[in-house]
file input-v6.pdb (PDB, C-alpha atoms)
ATOM      1  CA  MET A1237       5.415 -13.638  -0.216  1.00  0.00           C
ATOM      2  CA  PRO A1238       5.667 -11.207  -3.195  1.00  0.00           C
ATOM      3  CA  LYS A1239       3.169  -8.323  -3.038  1.00  0.00           C
ATOM      4  CA  LYS A1240       1.853  -9.045  -6.549  1.00  0.00           C
ATOM      5  CA  LEU A1241       1.109 -12.678  -5.657  1.00  0.00           C
ATOM      6  CA  LEU A1242      -0.527 -11.539  -2.420  1.00  0.00           C
ATOM      7  CA  GLY A1243      -2.676  -9.105  -4.436  1.00  0.00           C
ATOM      8  CA  LYS A1244      -3.711 -11.879  -6.854  1.00  0.00           C
ATOM      9  CA  MET A1245      -4.641 -14.171  -3.976  1.00  0.00           C
ATOM     10  CA  ALA A1246      -6.665 -11.452  -2.232  1.00  0.00           C
ATOM     11  CA  ALA A1247      -8.541 -10.589  -5.443  1.00  0.00           C
ATOM     12  CA  ASP A1248      -9.262 -14.255  -6.223  1.00  0.00           C
ATOM     13  CA  LEU A1249     -10.443 -14.936  -2.660  1.00  0.00           C
ATOM     14  CA  ALA A1250     -12.738 -11.906  -2.788  1.00  0.00           C
ATOM     15  CA  MET A1251     -14.140 -13.072  -6.149  1.00  0.00           C
ATOM     16  CA  THR A1252     -14.811 -16.538  -4.700  1.00  0.00           C
ATOM     17  CA  VAL A1253     -16.688 -15.058  -1.720  1.00  0.00           C
ATOM     18  CA  LEU A1254     -18.700 -12.734  -3.968  1.00  0.00           C
ATOM     19  CA  LEU A1255     -19.503 -15.597  -6.326  1.00  0.00           C
ATOM     20  CA  LEU A1256     -21.066 -17.576  -3.464  1.00  0.00           C
ATOM     21  CA  LEU A1257     -23.029 -14.538  -2.282  1.00  0.00           C
ATOM     22  CA  LEU A1258     -24.263 -13.823  -5.813  1.00  0.00           C
ATOM     23  CA  MET A1259     -25.688 -17.336  -6.090  1.00  0.00           C
ATOM     24  CA  ALA A1260     -27.970 -16.486  -3.135  1.00  0.00           C
ATOM     25  CA  TYR A1261     -29.804 -13.912  -5.288  1.00  0.00           C
ATOM     26  CA  SER A1262     -33.296 -13.931  -3.736  1.00  0.00           C
ATOM     27  CA  LEU A1263     -32.015 -14.696  -0.241  1.00  0.00           C
ATOM     28  CA  ILE A1264     -29.888 -11.543  -0.014  1.00  0.00           C
ATOM     29  CA  GLY A1265     -32.189  -9.200  -1.969  1.00  0.00           C
ATOM     30  CA  GLU A1266     -32.108  -7.727  -5.475  1.00  0.00           C
ATOM     31  CA  ALA A1267     -30.338  -4.483  -4.525  1.00  0.00           C
ATOM     32  CA  ALA A1268     -27.590  -6.316  -2.619  1.00  0.00           C
ATOM     33  CA  HIS A1269     -27.233  -8.736  -5.539  1.00  0.00           C
ATOM     34  CA  GLU A1270     -26.658  -5.843  -7.949  1.00  0.00           C
ATOM     35  CA  TRP A1271     -24.096  -4.114  -5.734  1.00  0.00           C
ATOM     36  CA  LEU A1272     -22.230  -7.372  -5.227  1.00  0.00           C
ATOM     37  CA  GLY A1273     -22.369  -7.913  -9.002  1.00  0.00           C
ATOM     38  CA  ALA A1274     -20.830  -4.465  -9.525  1.00  0.00           C
ATOM     39  CA  GLY A1275     -18.103  -5.411  -7.048  1.00  0.00           C
ATOM     40  CA  MET A1276     -17.500  -8.633  -8.964  1.00  0.00           C
ATOM     41  CA  LEU A1277     -17.154  -6.621 -12.184  1.00  0.00           C
ATOM     42  CA  LEU A1278     -14.437  -4.446 -10.616  1.00  0.00           C
ATOM     43  CA  LEU A1279     -12.620  -7.485  -9.194  1.00  0.00           C
ATOM     44  CA  PHE A1280     -12.861  -9.241 -12.557  1.00  0.00           C
ATOM     45  CA  ILE A1281     -11.164  -6.263 -14.231  1.00  0.00           C
ATOM     46  CA  LEU A1282      -8.524  -6.182 -11.462  1.00  0.00           C
ATOM     47  CA  HIS A1283      -7.928  -9.924 -11.880  1.00  0.00           C
ATOM     48  CA  HIS A1284      -7.120  -9.450 -15.571  1.00  0.00           C
ATOM     49  CA  VAL A1285      -4.880  -6.453 -14.860  1.00  0.00           C
ATOM     50  CA  LEU A1286      -2.909  -8.487 -12.301  1.00  0.00           C
ATOM     51  CA  ASN A1287      -2.672 -11.415 -14.732  1.00  0.00           C
ATOM     52  CA  PHE A1288      -1.846  -9.333 -17.796  1.00  0.00           C
ATOM     53  CA  GLY A1289       1.530 -11.094 -18.141  1.00  0.00           C
ATOM     54  CA  TRP A1290      -0.252 -14.414 -18.669  1.00  0.00           C
ATOM     55  CA  ILE A1291      -2.662 -12.839 -21.186  1.00  0.00           C
ATOM     56  CA  LYS A1292       0.226 -11.195 -23.077  1.00  0.00           C
ATOM     57  CA  ASN A1293       2.009 -14.542 -23.465  1.00  0.00           C
ATOM     58  CA  ILE A1294      -1.058 -16.550 -24.484  1.00  0.00           C
ATOM     59  CA  GLY A1295       0.223 -16.982 -28.047  1.00  0.00           C
ATOM     60  CA  LYS A1296       3.764 -17.883 -27.018  1.00  0.00           C
ATOM     61  CA  GLY A1297       5.441 -21.084 -25.892  1.00  0.00           C
ATOM     62  CA  ARG A1298       4.524 -24.746 -26.072  1.00  0.00           C
ATOM     63  CA  TYR A1299       0.955 -25.822 -25.444  1.00  0.00           C
ATOM     64  CA  THR A1300       0.809 -28.901 -23.249  1.00  0.00           C
ATOM     65  CA  ALA A1301      -2.498 -30.645 -22.501  1.00  0.00           C
ATOM     66  CA  VAL A1302      -2.680 -28.859 -19.133  1.00  0.00           C
ATOM     67  CA  ARG A1303      -2.056 -25.450 -20.724  1.00  0.00           C
ATOM     68  CA  VAL A1304      -4.706 -26.111 -23.390  1.00  0.00           C
ATOM     69  CA  LEU A1305      -7.214 -26.974 -20.646  1.00  0.00           C
ATOM     70  CA  GLN A1306      -6.250 -23.929 -18.559  1.00  0.00           C
ATOM     71  CA  THR A1307      -6.584 -21.608 -21.557  1.00  0.00           C
ATOM     72  CA  ALA A1308      -9.899 -23.112 -22.664  1.00  0.00           C
ATOM     73  CA  LEU A1309     -11.302 -22.732 -19.140  1.00  0.00           C
ATOM     74  CA  ALA A1310     -10.065 -19.139 -18.915  1.00  0.00           C
ATOM     75  CA  VAL A1311     -11.909 -18.351 -22.178  1.00  0.00           C
ATOM     76  CA  LEU A1312     -15.081 -20.078 -20.917  1.00  0.00           C
ATOM     77  CA  VAL A1313     -14.920 -18.179 -17.615  1.00  0.00           C
ATOM     78  CA  LEU A1314     -14.500 -14.919 -19.537  1.00  0.00           C
ATOM     79  CA  ALA A1315     -17.472 -15.694 -21.823  1.00  0.00           C
ATOM     80  CA  ALA A1316     -19.752 -16.722 -18.935  1.00  0.00           C
ATOM     81  CA  MET A1317     -18.778 -13.724 -16.795  1.00  0.00           C
ATOM     82  CA  LEU A1318     -19.222 -11.241 -19.635  1.00  0.00           C
ATOM     83  CA  GLY A1319     -22.613 -12.744 -20.466  1.00  0.00           C
ATOM     84  CA  SER A1320     -23.671 -12.612 -16.831  1.00  0.00           C
ATOM     85  CA  MET A1321     -22.403  -9.072 -16.262  1.00  0.00           C
ATOM     86  CA  LEU A1322     -23.717  -7.511 -19.480  1.00  0.00           C
ATOM     87  CA  SER A1323     -27.146  -9.106 -19.056  1.00  0.00           C
ATOM     88  CA  GLY A1324     -27.146  -8.041 -15.398  1.00  0.00           C
ATOM     89  CA  ILE A1325     -26.415  -4.440 -16.393  1.00  0.00           C
ATOM     90  CA  ALA A1326     -29.257  -4.573 -18.928  1.00  0.00           C
ATOM     91  CA  MET A1327     -31.683  -5.739 -16.200  1.00  0.00           C
ATOM     92  CA  SER A1328     -30.352  -3.411 -13.485  1.00  0.00           C
ATOM     93  CA  ARG A1329     -32.903  -1.498 -11.400  1.00  0.00           C
ATOM     94  CA  TYR A1330     -30.487  -0.045  -8.833  1.00  0.00           C
ATOM     95  CA  VAL A1331     -26.774   0.269  -9.680  1.00  0.00           C
ATOM     96  CA  PHE A1332     -26.945   0.843 -13.454  1.00  0.00           C
ATOM     97  CA  ASP A1333     -30.505   2.151 -13.753  1.00  0.00           C
ATOM     98  CA  PHE A1334     -29.118   5.505 -14.990  1.00  0.00           C
ATOM     99  CA  LEU A1335     -28.044   3.896 -18.262  1.00  0.00           C
ATOM    100  CA  PRO A1336     -30.409   4.560 -21.199  1.00  0.00           C
ATOM    101  CA  ILE A1337     -31.118   0.879 -21.890  1.00  0.00           C
ATOM    102  CA  GLU A1338     -34.550   0.069 -23.284  1.00  0.00           C
ATOM    103  CA  GLY A1339     -36.031  -3.299 -24.175  1.00  0.00           C
ATOM    104  CA  GLY A1340     -34.278  -6.645 -24.390  1.00  0.00           C
ATOM    105  CA  LEU A1341     -35.218  -7.700 -20.843  1.00  0.00           C
ATOM    106  CA  SER A1342     -36.473 -11.121 -21.914  1.00  0.00           C
ATOM    107  CA  LEU A1343     -33.218 -11.837 -23.753  1.00  0.00           C
ATOM    108  CA  ALA A1344     -31.170 -10.522 -20.807  1.00  0.00           C
ATOM    109  CA  ARG A1345     -32.991 -12.835 -18.380  1.00  0.00           C
ATOM    110  CA  ALA A1346     -32.525 -15.800 -20.734  1.00  0.00           C
ATOM    111  CA  VAL A1347     -28.784 -15.063 -20.914  1.00  0.00           C
ATOM    112  CA  HIS A1348     -28.203 -14.178 -17.261  1.00  0.00           C
ATOM    113  CA  LEU A1349     -29.427 -17.389 -15.643  1.00  0.00           C
ATOM    114  CA  PRO A1350     -27.359 -19.994 -17.554  1.00  0.00           C
ATOM    115  CA  CYS A1351     -24.304 -17.701 -17.665  1.00  0.00           C
ATOM    116  CA  ALA A1352     -24.410 -17.310 -13.877  1.00  0.00           C
ATOM    117  CA  TYR A1353     -24.504 -21.063 -13.274  1.00  0.00           C
ATOM    118  CA  TRP A1354     -22.003 -21.972 -15.989  1.00  0.00           C
ATOM    119  CA  GLY A1355     -19.774 -19.209 -14.606  1.00  0.00           C
ATOM    120  CA  PHE A1356     -19.990 -20.778 -11.139  1.00  0.00           C
ATOM    121  CA  ILE A1357     -18.901 -24.158 -12.543  1.00  0.00           C
ATOM    122  CA  PHE A1358     -16.175 -22.778 -14.829  1.00  0.00           C
ATOM    123  CA  MET A1359     -14.690 -20.640 -12.038  1.00  0.00           C
ATOM    124  CA  SER A1360     -14.669 -23.644  -9.690  1.00  0.00           C
ATOM    125  CA  LEU A1361     -12.926 -25.770 -12.343  1.00  0.00           C
ATOM    126  CA  HIS A1362     -10.481 -22.931 -13.017  1.00  0.00           C
ATOM    127  CA  LEU A1363      -9.667 -22.787  -9.302  1.00  0.00           C
ATOM    128  CA  GLY A1364      -9.204 -26.565  -9.259  1.00  0.00           C
ATOM    129  CA  LEU A1365      -6.567 -26.412 -12.003  1.00  0.00           C
ATOM    130  CA  HIS A1366      -4.570 -24.026  -9.799  1.00  0.00           C
ATOM    131  CA  TRP A1367      -5.158 -25.960  -6.568  1.00  0.00           C
ATOM    132  CA  ASN A1368      -1.572 -27.220  -6.380  1.00  0.00           C
ATOM    133  CA  MET A1369      -0.431 -23.594  -6.156  1.00  0.00           C
ATOM    134  CA  VAL A1370      -2.991 -22.895  -3.416  1.00  0.00           C
ATOM    135  CA  MET A1371      -1.853 -25.948  -1.454  1.00  0.00           C
ATOM    136  CA  GLY A1372       1.800 -24.974  -1.938  1.00  0.00           C
ATOM    137  CA  ILE A1373       1.129 -21.552  -0.417  1.00  0.00           C
ATOM    138  CA  VAL A1374      -0.729 -23.141   2.503  1.00  0.00           C
ATOM    139  CA  ARG A1375       2.202 -25.535   3.115  1.00  0.00           C
ATOM    140  CA  ARG A1376       4.689 -22.638   3.087  1.00  0.00           C
ATOM    141  CA  MET A1377       2.547 -20.748   5.566  1.00  0.00           C
ATOM    142  CA  ARG A1378       2.340 -23.810   7.843  1.00  0.00           C
ATOM    143  CA  LYS A1379       6.127 -24.303   7.514  1.00  0.00           C
ATOM    144  CA  ARG A1380       5.748 -28.051   8.013  1.00  0.00           C
ATOM    145  CA  GLN A1381       4.356 -31.089   6.245  1.00  0.00           C
ATOM    146  CA  ALA A1382       1.044 -32.606   7.294  1.00  0.00           C
ATOM    147  CA  SER A1383       1.327 -35.838   9.263  1.00  0.00           C
ATOM    148  CA  LYS A1384       0.106 -39.156   7.862  1.00  0.00           C
ATOM    149  CA  LYS A1385      -2.969 -39.023  10.118  1.00  0.00           C
ATOM    150  CA  GLN A1386      -3.762 -35.459   8.975  1.00  0.00           C
ATOM    151  CA  ARG A1387      -3.468 -36.490   5.316  1.00  0.00           C
ATOM    152  CA  ILE A1388      -5.890 -39.377   5.864  1.00  0.00           C
ATOM    153  CA  VAL A1389      -8.397 -37.113   7.621  1.00  0.00           C
ATOM    154  CA  LEU A1390      -8.042 -34.551   4.805  1.00  0.00           C
ATOM    155  CA  ARG A1391      -8.693 -37.181   2.112  1.00  0.00           C
ATOM    156  CA  ILE A1392     -11.782 -38.436   3.939  1.00  0.00           C
ATOM    157  CA  ALA A1393     -13.029 -34.840   4.210  1.00  0.00           C
ATOM    158  CA  VAL A1394     -12.474 -34.307   0.463  1.00  0.00           C
ATOM    159  CA  VAL A1395     -14.498 -37.431  -0.370  1.00  0.00           C
ATOM    160  CA  VAL A1396     -17.330 -36.373   1.976  1.00  0.00           C
ATOM    161  CA  ILE A1397     -17.418 -32.854   0.467  1.00  0.00           C
ATOM    162  CA  ALA A1398     -17.465 -34.282  -3.074  1.00  0.00           C
ATOM    163  CA  LEU A1399     -20.329 -36.668  -2.261  1.00  0.00           C
ATOM    164  CA  TYR A1400     -22.236 -33.844  -0.574  1.00  0.00           C
ATOM    165  CA  GLY A1401     -21.575 -31.711  -3.674  1.00  0.00           C
ATOM    166  CA  ILE A1402     -23.111 -34.359  -5.953  1.00  0.00           C
ATOM    167  CA  VAL A1403     -26.220 -34.586  -3.749  1.00  0.00           C
ATOM    168  CA  ALA A1404     -26.524 -30.775  -3.549  1.00  0.00           C
ATOM    169  CA  PHE A1405     -26.097 -30.465  -7.345  1.00  0.00           C
ATOM    170  CA  LEU A1406     -28.953 -32.917  -7.950  1.00  0.00           C
ATOM    171  CA  GLN A1407     -31.232 -31.649  -5.167  1.00  0.00           C
ATOM    172  CA  ASN A1408     -30.874 -28.041  -6.312  1.00  0.00           C
ATOM    173  CA  ASP A1409     -31.660 -29.140  -9.893  1.00  0.00           C
ATOM    174  CA  ILE A1410     -28.690 -27.214 -11.294  1.00  0.00           C
ATOM    175  CA  PHE A1411     -29.120 -28.911 -14.682  1.00  0.00           C
ATOM    176  CA  SER A1412     -32.366 -26.969 -15.185  1.00  0.00           C
ATOM    177  CA  TYR A1413     -30.549 -23.644 -14.790  1.00  0.00           C
ATOM    178  CA  LEU A1414     -27.552 -24.624 -16.904  1.00  0.00           C
ATOM    179  CA  PHE A1415     -29.734 -25.576 -19.870  1.00  0.00           C
ATOM    180  CA  LEU A1416     -32.539 -23.060 -19.257  1.00  0.00           C
ATOM    181  CA  ARG A1417     -35.223 -25.673 -18.685  1.00  0.00           C
ATOM    182  CA  THR A1418     -36.710 -23.101 -16.337  1.00  0.00           C
ATOM    183  CA  HIS A1419     -36.421 -19.307 -16.370  1.00  0.00           C
ATOM    184  CA  PHE A1420     -36.662 -18.973 -12.595  1.00  0.00           C
ATOM    185  CA  VAL A1421     -34.488 -20.232  -9.755  1.00  0.00           C
ATOM    186  CA  PHE A1422     -36.230 -22.035  -6.916  1.00  0.00           C
ATOM    187  CA  PHE A1423     -35.166 -20.856  -3.460  1.00  0.00           C
ATOM    188  CA  ASP A1424     -36.218 -22.595  -0.262  1.00  0.00           C
ATOM    189  CA  TYR A1425     -36.839 -19.607   2.013  1.00  0.00           C
ATOM    190  CA  GLU A1426     -37.190 -21.895   5.029  1.00  0.00           C
ATOM    191  CA  GLN A1427     -33.657 -23.213   4.538  1.00  0.00           C
ATOM    192  CA  PRO A1428     -31.104 -21.459   6.801  1.00  0.00           C
ATOM    193  CA  LEU A1429     -28.685 -19.313   4.797  1.00  0.00           C
ATOM    194  CA  ILE A1430     -25.727 -21.238   6.204  1.00  0.00           C
ATOM    195  CA  LEU A1431     -27.076 -24.480   4.687  1.00  0.00           C
ATOM    196  CA  PHE A1432     -27.519 -22.763   1.317  1.00  0.00           C
ATOM    197  CA  PHE A1433     -23.874 -21.712   1.345  1.00  0.00           C
ATOM    198  CA  ALA A1434     -22.850 -25.188   2.544  1.00  0.00           C
ATOM    199  CA  ASP A1435     -24.560 -26.641  -0.553  1.00  0.00           C
ATOM    200  CA  TYR A1436     -22.757 -24.286  -2.906  1.00  0.00           C
ATOM    201  CA  LEU A1437     -19.405 -24.649  -1.144  1.00  0.00           C
ATOM    202  CA  ALA A1438     -19.734 -28.434  -1.499  1.00  0.00           C
ATOM    203  CA  MET A1439     -20.580 -28.080  -5.206  1.00  0.00           C
ATOM    204  CA  MET A1440     -17.603 -25.779  -5.642  1.00  0.00           C
ATOM    205  CA  GLY A1441     -15.435 -28.326  -3.819  1.00  0.00           C
ATOM    206  CA  LEU A1442     -16.699 -31.068  -6.136  1.00  0.00           C
ATOM    207  CA  PHE A1443     -15.672 -29.192  -9.280  1.00  0.00           C
ATOM    208  CA  ILE A1444     -12.354 -28.135  -7.740  1.00  0.00           C
ATOM    209  CA  LEU A1445     -11.632 -31.820  -7.050  1.00  0.00           C
ATOM    210  CA  ILE A1446     -12.612 -32.844 -10.605  1.00  0.00           C
ATOM    211  CA  ALA A1447     -10.363 -30.215 -12.228  1.00  0.00           C
ATOM    212  CA  HIS A1448      -7.524 -30.843  -9.782  1.00  0.00           C
ATOM    213  CA  SER A1449      -7.611 -34.591 -10.508  1.00  0.00           C
ATOM    214  CA  ILE A1450      -7.765 -34.098 -14.291  1.00  0.00           C
ATOM    215  CA  GLY A1451      -4.979 -31.505 -14.207  1.00  0.00           C
ATOM    216  CA  ASN A1452      -2.696 -33.764 -12.170  1.00  0.00           C
ATOM    217  CA  SER A1453      -3.390 -36.718 -14.482  1.00  0.00           C
ATOM    218  CA  LEU A1454      -2.598 -34.657 -17.584  1.00  0.00           C
ATOM    219  CA  PHE A1455       0.544 -33.242 -15.979  1.00  0.00           C
ATOM    220  CA  LYS A1456       1.794 -36.691 -14.993  1.00  0.00           C
ATOM    221  CA  SER A1457       1.011 -38.252 -18.381  1.00  0.00           C
ATOM    222  CA  GLY A1458       2.721 -35.328 -20.143  1.00  0.00           C
ATOM    223  CA  GLY A1459       5.791 -35.720 -17.953  1.00  0.00           C
ATOM    224  CA  GLN A1460       5.876 -39.447 -18.624  1.00  0.00           C
ATOM    225  CA  ARG A1461       5.665 -38.887 -22.395  1.00  0.00           C
ATOM    226  CA  ARG A1462       8.534 -36.383 -22.300  1.00  0.00           C
ATOM    227  CA  LYS A1463      10.592 -38.871 -20.275  1.00  0.00           C
ATOM    228  CA  GLU A1464       9.917 -41.623 -22.829  1.00  0.00           C
ATOM    229  CA  GLU A1465      10.765 -39.344 -25.749  1.00  0.00           C
ATOM    230  CA  SER A1466      14.109 -38.404 -24.157  1.00  0.00           C
ATOM    231  CA  ASN A1467      15.109 -42.074 -23.692  1.00  0.00           C
TER
END

call {"tool": "encode", "arguments": {"input": "input-v6.pdb", "output": "structure tokens"}}
result
Amino acid sequence: MPKKLLGKMAADLAMTVLLLLLMAYSLIGEAAHEWLGAGMLLLFILHHVLNFGWIKNIGKGRYTAVRVLQTALAVLVLAAMLGSMLSGIAMSRYVFDFLPIEGGLSLARAVHLPCAYWGFIFMSLHLGLHWNMVMGIVRRMRKRQASKKQRIVLRIAVVVIALYGIVAFLQNDIFSYLFLRTHFVFFDYEQPLILFFADYLAMMGLFILIAHSIGNSLFKSGGQRRKEESN
């Protein structure tokens, strides 16, 4: 595997892990949340450095439906992450407390909460659009195709995760945070941390599945149109 691709995968995996940890804000502590946020900022910069070739070519070539969706999601991820990071820096009491920032805390809080949750969804969707690449790498590492029985088990697992993700999304009242119906996140401190992460992993899996399915449908319909045009 090329070193650059390996570096991209490592950075993206680290960002995914940090994203899940950042969602557990009150459960891991404010100081830890800030340090993890600073780590996410560095990884976010690294991600764009490693993908500079894609950014440089954004105005070139033909825009298919899949490419339009990928580009739109990349812009939304960027906007949500910048909003989350800048507002987090403005509210910082540990990592960036040396910065001479005064006032604006109410605005920063109002920006930080929805940006964090929209960022979680946009990043999950972004990952879903690239899921074929992830699965291709996994298949190359396995060096063999999954059996029919394994594929059936995998599909059942995907459905179960998606259903769990829907339930977790509703039970955690994510809509309230996305649209700022409340300014505070409710955390169940009696819930084991592993169950909290299971909820968010299932929600991430749900959005990965949605984007993966939409991306495949657009790719297939685009290929069919090109085939018809060539006939």

call {"tool": "resolve_selection", "arguments": {"input": "input-v6.pdb", "expression": "the PyMOL selection byres ((chain A and resi 1318) around 10)", "output": "list in words"}}
result
Leu1277, Phe1280, Leu1312, Val1313, Leu1314, Ala1315, Ala1316, Met1317, Gly1319, Ser1320, Met1321, Leu1322, Ser1323, Gly1324, His1348, Cys1351, Ala1352 and Gly1355 of chain A

call {"tool": "residues_around", "arguments": {"input": "input-v6.pdb", "residues": "Ile1264 of chain A", "least_positions_apart": "5", "cutoff": "12 Å", "atoms": "all atoms listed in the file", "output": "list in words"}}
result
Leu1254, Leu1256, Leu1257, Leu1258, Met1259, His1269, Glu1270, Trp1271, Leu1272, Phe1423, Tyr1425, Leu1429, Phe1432 and Phe1433 of chain A

call {"tool": "resolve_selection", "arguments": {"input": "input-v6.pdb", "expression": "the PyMOL selection byres ((chain A and resi 1360) around 8)", "output": "MDAnalysis selection string"}}
result
chainID A and resid 1356:1359 1361:1364 1440:1441 1443:1444

call {"tool": "write_last_selection", "arguments": {"input": "input-v6.pdb", "atoms": "C-alpha atoms", "output": "PDB file, keeping the file's coordinate frame"}}
result
ATOM      1  CA  PHE A1356     -19.990 -20.778 -11.139  1.00  0.00           C
ATOM      2  CA  ILE A1357     -18.901 -24.158 -12.543  1.00  0.00           C
ATOM      3  CA  PHE A1358     -16.175 -22.778 -14.829  1.00  0.00           C
ATOM      4  CA  MET A1359     -14.690 -20.640 -12.038  1.00  0.00           C
ATOM      5  CA  LEU A1361     -12.926 -25.770 -12.343  1.00  0.00           C
ATOM      6  CA  HIS A1362     -10.481 -22.931 -13.017  1.00  0.00           C
ATOM      7  CA  LEU A1363      -9.667 -22.787  -9.302  1.00  0.00           C
ATOM      8  CA  GLY A1364      -9.204 -26.565  -9.259  1.00  0.00           C
ATOM      9  CA  MET A1440     -17.603 -25.779  -5.642  1.00  0.00           C
ATOM     10  CA  GLY A1441     -15.435 -28.326  -3.819  1.00  0.00           C
ATOM     11  CA  PHE A1443     -15.672 -29.192  -9.280  1.00  0.00           C
ATOM     12  CA  ILE A1444     -12.354 -28.135  -7.740  1.00  0.00           C
TER      13      ILE A1444
END

call {"tool": "residues_around", "arguments": {"input": "input-v6.pdb", "residues": "Thr1300 of chain A", "least_positions_apart": "5", "cutoff": "9 Å", "atoms": "only C-alpha atoms", "output": "NGL selection string"}}
result
:A and (1305 or 1454-1455 or 1458)

call {"tool": "resolve_selection", "arguments": {"input": "input-v6.pdb", "expression": "the PyMOL selection byres ((chain A and resi 1289-1294) around 12)", "output": "PyMOL selection string"}}
result
chain A and resi 1240+1283-1288+1295-1299+1303-1304+1306-1308+1310-1311
